[in-house]
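S.K.: Got a structure here, written out as structure tokens. Questions coming.
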Amino acid sequence: MCHQWIRNVFQILFHRYITFTDKSDYFELYKTLATISAIHYDAHCWIDRSLWIVYRFLPVLVNISYFYKAYRLIINPADSTSAAVIVASIWGFTEGTLRIGIIEIWYDKLYKIMTFLNDRSYRQQDALVRQQRAALFVENNRIQLTLVATMLIIAAWFMTTQLFGRDAFMLQINGHVVESASVQIVYGLLCNVWGMIYVLSFAIFFIILNTLQLEMKLLLDGITSVQSTIVERAERKIASLAASGHSTHMQQLVFWDILQPELNRHISRHVDLLDNLKEFSTIIGPFSFVQYYGTLALMADCAFILSIEGISKNGMIYFIFVTVMVFQSFIICRGIEKINDLNEGIGHVLYAGFNWPELLRYNARFRKQYVTARHTLMLVIGRSQKGFQCSYGGLGGISMERFAQLMQKSYSLLTILLQFAK
């Protein structure tokens with residue numbers, strides 16, 4: 001009975017995030033979580049904006065306090081583990097700040113991309129397409145809720161095992177730990193906000209990548225079925241015209257009248273997707289730069305702590321954090337590469353998947369339609385083979401090869417640090 005009651009309450013609270021409708025917003029849950037985590041909020045008036053600034057400034061104070069701890073370390077050096085913990089925390093908070101800065105600077109572009117992805121007019125009447133979009137909507141929201149639940153568990157773990165066990169994690173004034181337990185608990189909670197910032201600032205890019213992949217896949221499936229759709233519709237129409245005694249010229253005109261709008265529908269979607277991908281690349285590039293090199297630096301620091309402490313109760317939290325960072329880098333690299341593969345697949349299908357020599361027969365009477373169709377196909381094939389160019393702020397492309405390099409460098413760092421620990 002109690003289990004059923006809890007389940008009903010959960011369904012009521014999260015109904016809008018697990019039920020897909022034509023008005024569902026892929027990013028509604030993220031916007032709520034981003035506000036709670038001090039990442040972004042669309043203020044409606046000066047009062048809202050003032051409260052938001054105060055709310056956002058609270059975790060910033062935590063970051064400042066860690067810089068103060070680093071300053072105290074310079075004056076009064078402590079043990080290596082405490083120094084490594086403080087440096088890792090500073091870098092993690094600073095990277096989180098950079099992530100927020102990137103989102104805020106380019107939020108107008110992100111908003112336009114989100115609006116485009118929420119426009120599901122392309123193949124909207126297709127039941128299978130609607131089912132795939134509904135599955136994506138639920139999957140994205142489930143992953144976000146899972147991330148939040150995981151971060152809350154880690155926060156509880158941190159509060160019970162780390163906060164009061166290490167001076168480096170506690171609030172200090174003039175180099176002395178504040179003795180008030182309630183103050184330390186509030187301070188620990190504010191520290192955990194940065195963990196939410198670090199994870200959820202990545203979530204927006206994960207959702208966009210996931211949605212772009214689906215839309216590119218739906219486009220590829222739509223283009224794959226173009227030939228059968230055109231032939232089927234043309235045959236039905238031509239059969240009715242032949243039965244009523246219309247000329248061959250009229251039958252060919254029907255074919256061209258069906259071909260061009262059907263091609264234009266898919267090609268227009270392809271152009272819109274590539275335009276939004278181009279806009280997205282200007283945002284994901286700087287974010288990936290921060291992600292890639294920030295991950296490398298944090299992995300080195302966490303690996304240093306692990307090399308000293310090992311995989312213990314204290315060290316496990318760093319191992320989990322490193323795993324999260326690696327997973328984020330993998331998602332970005334794999335997502336970009338998958339979109340490129342789907343885009344190239346569109347060109348391949350248009351080039352080799354259709355019997356165009358049979359369908360596009362030259363006829364002097366329909367020279368204009370023939371030239372237009374061929375020109376359109378050549379442009380799409382050429383653009384799809386060019387690929388989606390996205391780089392780490394101009395320092396190399398984002399790809400699985402780049403992720404492999406990150407793993408190789410991380411392994412080398414870990415090996416050196418383990419040798420150093422011995």
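Chain labels follow the order of the structure tokens: the first chain is A, the next B, and so on; residue numbering restarts at 1 in every chain, and ligands are counted from 1 in their shown order.
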Excluding Thr97 of chain A and any residue of its chain fewer than 4 positions from it, enumerate the residues within 12 Å of it, using only C-alpha atoms, and give them as a list in words.

M.R.: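 Residues near the query, excluding close chain neighbours: Ala38, Ile39, His40, Arg56, Phe57, Pro59, Val60, Val62, Asn63, Ile64, Ile90, Trp91, Gly92, Phe93, Gly101, Ile102, Ile103, Glu104, Val193, Trp194, Gly195, Ile197, Tyr198, Ser201, Phe287, Val290, Gln291 and Gly294 of chain A.
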
S.K.: How would the residues just picked look written out with N, CA, C and O atoms as a compact mmCIF listing (two decimals), in the first residue's frame?

M.R.:
# COMPACT_ATOMS: atom_id res chain seq x y z
N ALA A 38 21.80 27.11 -9.85
CA ALA A 38 22.44 28.42 -10.07
C ALA A 38 23.21 28.48 -11.39
O ALA A 38 24.25 29.13 -11.48
N ILE A 39 22.69 27.81 -12.42
CA ILE A 39 23.35 27.83 -13.74
C ILE A 39 22.75 28.93 -14.61
O ILE A 39 23.46 29.75 -15.18
N HIS A 40 21.41 28.93 -14.73
CA HIS A 40 20.76 29.96 -15.55
C HIS A 40 19.32 30.14 -15.09
O HIS A 40 18.66 29.18 -14.68
N ARG A 56 22.96 33.19 -6.69
CA ARG A 56 24.13 32.69 -7.43
C ARG A 56 25.43 33.03 -6.73
O ARG A 56 26.43 32.33 -6.86
N PHE A 57 25.44 34.12 -5.98
CA PHE A 57 26.67 34.55 -5.32
C PHE A 57 27.06 33.62 -4.16
O PHE A 57 28.24 33.57 -3.79
N PRO A 59 27.29 30.16 -3.94
CA PRO A 59 28.36 29.21 -4.28
C PRO A 59 29.67 29.89 -4.68
O PRO A 59 30.75 29.31 -4.53
N VAL A 60 29.58 31.13 -5.18
CA VAL A 60 30.80 31.87 -5.52
C VAL A 60 31.62 32.13 -4.26
O VAL A 60 32.86 32.07 -4.28
N VAL A 62 31.89 30.17 -1.78
CA VAL A 62 32.61 28.92 -1.49
C VAL A 62 33.90 28.87 -2.29
O VAL A 62 34.96 28.51 -1.76
N ASN A 63 33.80 29.23 -3.57
CA ASN A 63 35.00 29.24 -4.42
C ASN A 63 36.05 30.20 -3.86
O ASN A 63 37.24 29.88 -3.79
N ILE A 64 35.61 31.37 -3.43
CA ILE A 64 36.53 32.36 -2.85
C ILE A 64 37.20 31.80 -1.60
O ILE A 64 38.39 32.01 -1.35
N ILE A 90 39.59 23.90 -6.15
CA ILE A 90 39.66 25.20 -6.82
C ILE A 90 39.49 25.05 -8.32
O ILE A 90 38.73 25.78 -8.97
N TRP A 91 40.19 24.06 -8.88
CA TRP A 91 40.10 23.87 -10.33
C TRP A 91 38.70 23.42 -10.74
O TRP A 91 38.15 23.86 -11.74
N GLY A 92 38.10 22.53 -9.92
CA GLY A 92 36.74 22.08 -10.23
C GLY A 92 35.74 23.21 -10.17
O GLY A 92 34.89 23.35 -11.06
N PHE A 93 35.83 24.06 -9.13
CA PHE A 93 34.92 25.20 -9.03
C PHE A 93 35.16 26.21 -10.16
O PHE A 93 34.21 26.78 -10.71
N GLY A 101 29.80 30.47 -17.53
CA GLY A 101 30.08 31.63 -18.39
C GLY A 101 29.80 31.33 -19.85
O GLY A 101 29.22 32.15 -20.56
N ILE A 102 30.20 30.14 -20.31
CA ILE A 102 29.96 29.76 -21.71
C ILE A 102 28.47 29.67 -21.99
O ILE A 102 27.98 30.15 -23.03
N ILE A 103 27.73 29.06 -21.07
CA ILE A 103 26.28 28.93 -21.25
C ILE A 103 25.61 30.31 -21.28
O ILE A 103 24.74 30.57 -22.12
N GLU A 104 26.02 31.20 -20.37
CA GLU A 104 25.40 32.52 -20.31
C GLU A 104 25.74 33.37 -21.53
O GLU A 104 24.87 34.06 -22.08
N VAL A 193 26.68 22.21 -4.22
CA VAL A 193 26.04 22.90 -5.34
C VAL A 193 26.97 22.90 -6.55
O VAL A 193 26.52 22.76 -7.70
N TRP A 194 28.28 23.02 -6.30
CA TRP A 194 29.23 23.03 -7.41
C TRP A 194 29.28 21.69 -8.12
O TRP A 194 29.52 21.62 -9.33
N GLY A 195 29.05 20.60 -7.37
CA GLY A 195 28.95 19.30 -8.02
C GLY A 195 27.76 19.25 -8.97
O GLY A 195 27.87 18.73 -10.08
N ILE A 197 26.41 21.89 -10.38
CA ILE A 197 26.75 22.78 -11.49
C ILE A 197 27.61 22.05 -12.51
O ILE A 197 27.38 22.14 -13.73
N TYR A 198 28.61 21.32 -12.02
CA TYR A 198 29.54 20.63 -12.92
C TYR A 198 28.82 19.61 -13.78
O TYR A 198 29.08 19.49 -14.99
N SER A 201 25.59 21.46 -15.94
CA SER A 201 26.03 22.35 -17.02
C SER A 201 26.37 21.53 -18.27
O SER A 201 26.30 22.03 -19.40
N PHE A 287 33.24 24.97 -24.90
CA PHE A 287 32.87 24.12 -23.77
C PHE A 287 33.72 22.85 -23.76
O PHE A 287 34.19 22.43 -22.69
N VAL A 290 37.27 23.54 -22.47
CA VAL A 290 37.30 23.56 -21.00
C VAL A 290 37.14 22.15 -20.44
O VAL A 290 37.83 21.74 -19.50
N GLN A 291 36.22 21.38 -21.05
CA GLN A 291 35.96 20.01 -20.60
C GLN A 291 37.20 19.13 -20.75
O GLN A 291 37.58 18.40 -19.83
N GLY A 294 40.29 20.59 -18.70
CA GLY A 294 39.91 20.56 -17.30
C GLY A 294 39.88 19.13 -16.77
O GLY A 294 40.32 18.86 -15.65

S.K.: Quick one: DSSP alpha helix (DSSP H) residues in segment 159-294 of chain A, as an NGL selection string?

M.R.: :A and (181-224 or 226-243 or 248-294)

S.K.: Counting only C-alpha atoms, which of A:Trp157, A:Phe116, A:Tyr187, A:Tyr122 gets nearest to Phe27 of chain A?

M.R.: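 Counting only C-alpha atoms, the residue closest to Phe27 of chain A is A:Phe116.
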
S.K.: Would you please work out which residue, of A:Ser288, A:Ser399, A:Asn174, A:Ser65, is nearest to Met325 of chain A when using only C-alpha atoms?

M.R.: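 Closest to Met325 of chain A of all the choices is A:Ser288.
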
S.K.: Write out as a list in words which residues come within 8 Å of Ile339 of chain A when counting only C-alpha atoms, dropping same-chain ones fewer than 2 positions away.

M.R.: Leu212, Gln213, Met216, Gly335, Ile336, Glu337, Asp341, Leu342, Asn343 and Phe388 of chain A

S.K.: With C-alpha atoms retained, export the selected residues as an mmCIF file, in the first residue's frame.

M.R.:
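Produced file out25.cif, reproduced below:
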data_model
loop_
_atom_site.group_PDB
_atom_site.id
_atom_site.type_symbol
_atom_site.label_atom_id
_atom_site.label_comp_id
_atom_site.auth_asym_id
_atom_site.auth_seq_id
_atom_site.Cartn_x
_atom_site.Cartn_y
_atom_site.Cartn_z
ATOM 1 C CA LEU A 212 20.219 16.284 -32.910
ATOM 2 C CA GLN A 213 21.221 12.638 -33.351
ATOM 3 C CA MET A 216 19.421 13.416 -38.127
ATOM 4 C CA GLY A 335 27.953 12.324 -29.976
ATOM 5 C CA ILE A 336 29.790 14.532 -32.484
ATOM 6 C CA GLU A 337 31.167 11.504 -34.329
ATOM 7 C CA ASP A 341 28.291 9.438 -39.444
ATOM 8 C CA LEU A 342 24.553 10.068 -39.882
ATOM 9 C CA ASN A 343 25.226 13.140 -42.015
ATOM 10 C CA PHE A 388 30.282 18.582 -39.291
#

S.K.: Env of Val324 of chain A: 10 Å cut, atoms = only C-alpha atoms, seq-sep filter 4 positions within chain, self excluded. Answer as a ChimeraX atom specification.

M.R.: /A:198-199,295,318-320,328-330
